[in-house]
Amino acid sequence: MPAAPPSVVLGRIVIVIDDWGYNMRNRDFIVDNNYHVTLSILPFRVYSADVARLAFDKGKGILVHMPMEPQNGSSTASKRRRS
């Protein structure tokens with residue numbers, strides 16, 4: 001008996017647009033399209049909550065963009081560069 005053909009695995013592409021929350025200049029992009037996109041919203045910025053609420057209301061995906069820099073400004077990489 002011949003081997004069964006391999007099953008087809010369909011992929012999925014997700015478009016993430018980064019660094020939202022600083023302003024509302026691109027508000028029209030959220031409101032005036034039917035694109036299936038995800039917005040990466042920086043927390044604790046002036047417009048973070050407004051952008052998240054609008055994106056949610058328009059059915060966009062939402063990610064929290066958590067900055068990973070240390071709060072004191074030091075990093076292991078910068079210490080390595082100095083030595």
# chains A, B, ... in the order shown; residues from 1 in each chain; ligands from 1

call {"tool": "residues_around", "arguments": {"residues": "Leu63 in chain A", "least_positions_apart": "4", "cutoff": "8 Å", "atoms": "only C-alpha atoms", "output": "PyMOL selection string"}}
result
chain A and resi 38-41

call {"tool": "select_by_dssp", "arguments": {"residues": "chain A", "states": "alpha helix (DSSP H)", "output": "compact mmCIF listing (two decimals) with C-alpha atoms, in the first residue's frame"}}
result
# COMPACT_ATOMS: atom_id res chain seq x y z
CA ARG A 27 -6.63 57.34 14.26
CA ASP A 28 -8.09 57.15 10.75
CA PHE A 29 -6.07 54.02 10.05
CA ILE A 30 -7.86 52.25 12.89
CA VAL A 31 -11.31 53.56 12.00
CA SER A 48 -2.60 54.29 25.21
CA ALA A 49 -6.07 53.71 26.66
CA ASP A 50 -7.79 55.70 23.90
CA VAL A 51 -6.00 53.75 21.16
CA ALA A 52 -6.74 50.41 22.86
CA ARG A 53 -10.42 51.24 23.29
CA LEU A 54 -10.79 52.40 19.68
CA ALA A 55 -8.90 49.38 18.32
CA PHE A 56 -11.03 47.02 20.41
CA ASP A 57 -14.25 48.71 19.25
CA THR A 76 24.48 44.05 30.75
CA ALA A 77 25.12 44.83 27.07
CA SER A 78 26.19 48.41 27.79
CA LYS A 79 28.47 47.20 30.60
CA ARG A 80 30.10 44.72 28.22
CA ARG A 81 30.75 47.46 25.66
CA ARG A 82 32.53 49.61 28.26

call {"tool": "atom_distance", "arguments": {"atom1": "CA of Val14 in chain A", "atom2": "CA of Val37 in chain A"}}
result
6.9 Å

call {"tool": "residues_around", "arguments": {"residues": "Met66 in chain A", "least_positions_apart": "3", "cutoff": "12 Å", "atoms": "only C-alpha atoms", "output": "PyMOL selection string"}}
result
chain A and resi 18-20+40-45+63+69-70

call {"tool": "write_last_selection", "arguments": {"atoms": "C-alpha atoms", "output": "PDB file, in the first residue's frame"}}
result
ATOM      1  CA  ASP A  18       4.178  48.684  16.613  1.00  0.00           C
ATOM      2  CA  ASP A  19       4.491  51.635  19.016  1.00  0.00           C
ATOM      3  CA  TRP A  20       0.941  52.954  19.344  1.00  0.00           C
ATOM      4  CA  SER A  40       1.078  46.882  19.671  1.00  0.00           C
ATOM      5  CA  ILE A  41       0.283  49.580  22.232  1.00  0.00           C
ATOM      6  CA  LEU A  42       2.845  50.986  24.627  1.00  0.00           C
ATOM      7  CA  PRO A  43       1.453  51.150  28.168  1.00  0.00           C
ATOM      8  CA  PHE A  44       1.323  54.325  30.239  1.00  0.00           C
ATOM      9  CA  ARG A  45       1.476  56.748  27.303  1.00  0.00           C
ATOM     10  CA  LEU A  63      -0.949  43.564  22.190  1.00  0.00           C
ATOM     11  CA  GLU A  69      14.915  48.179  29.236  1.00  0.00           C
ATOM     12  CA  PRO A  70      15.906  48.283  32.897  1.00  0.00           C
TER      13      PRO A  70
END
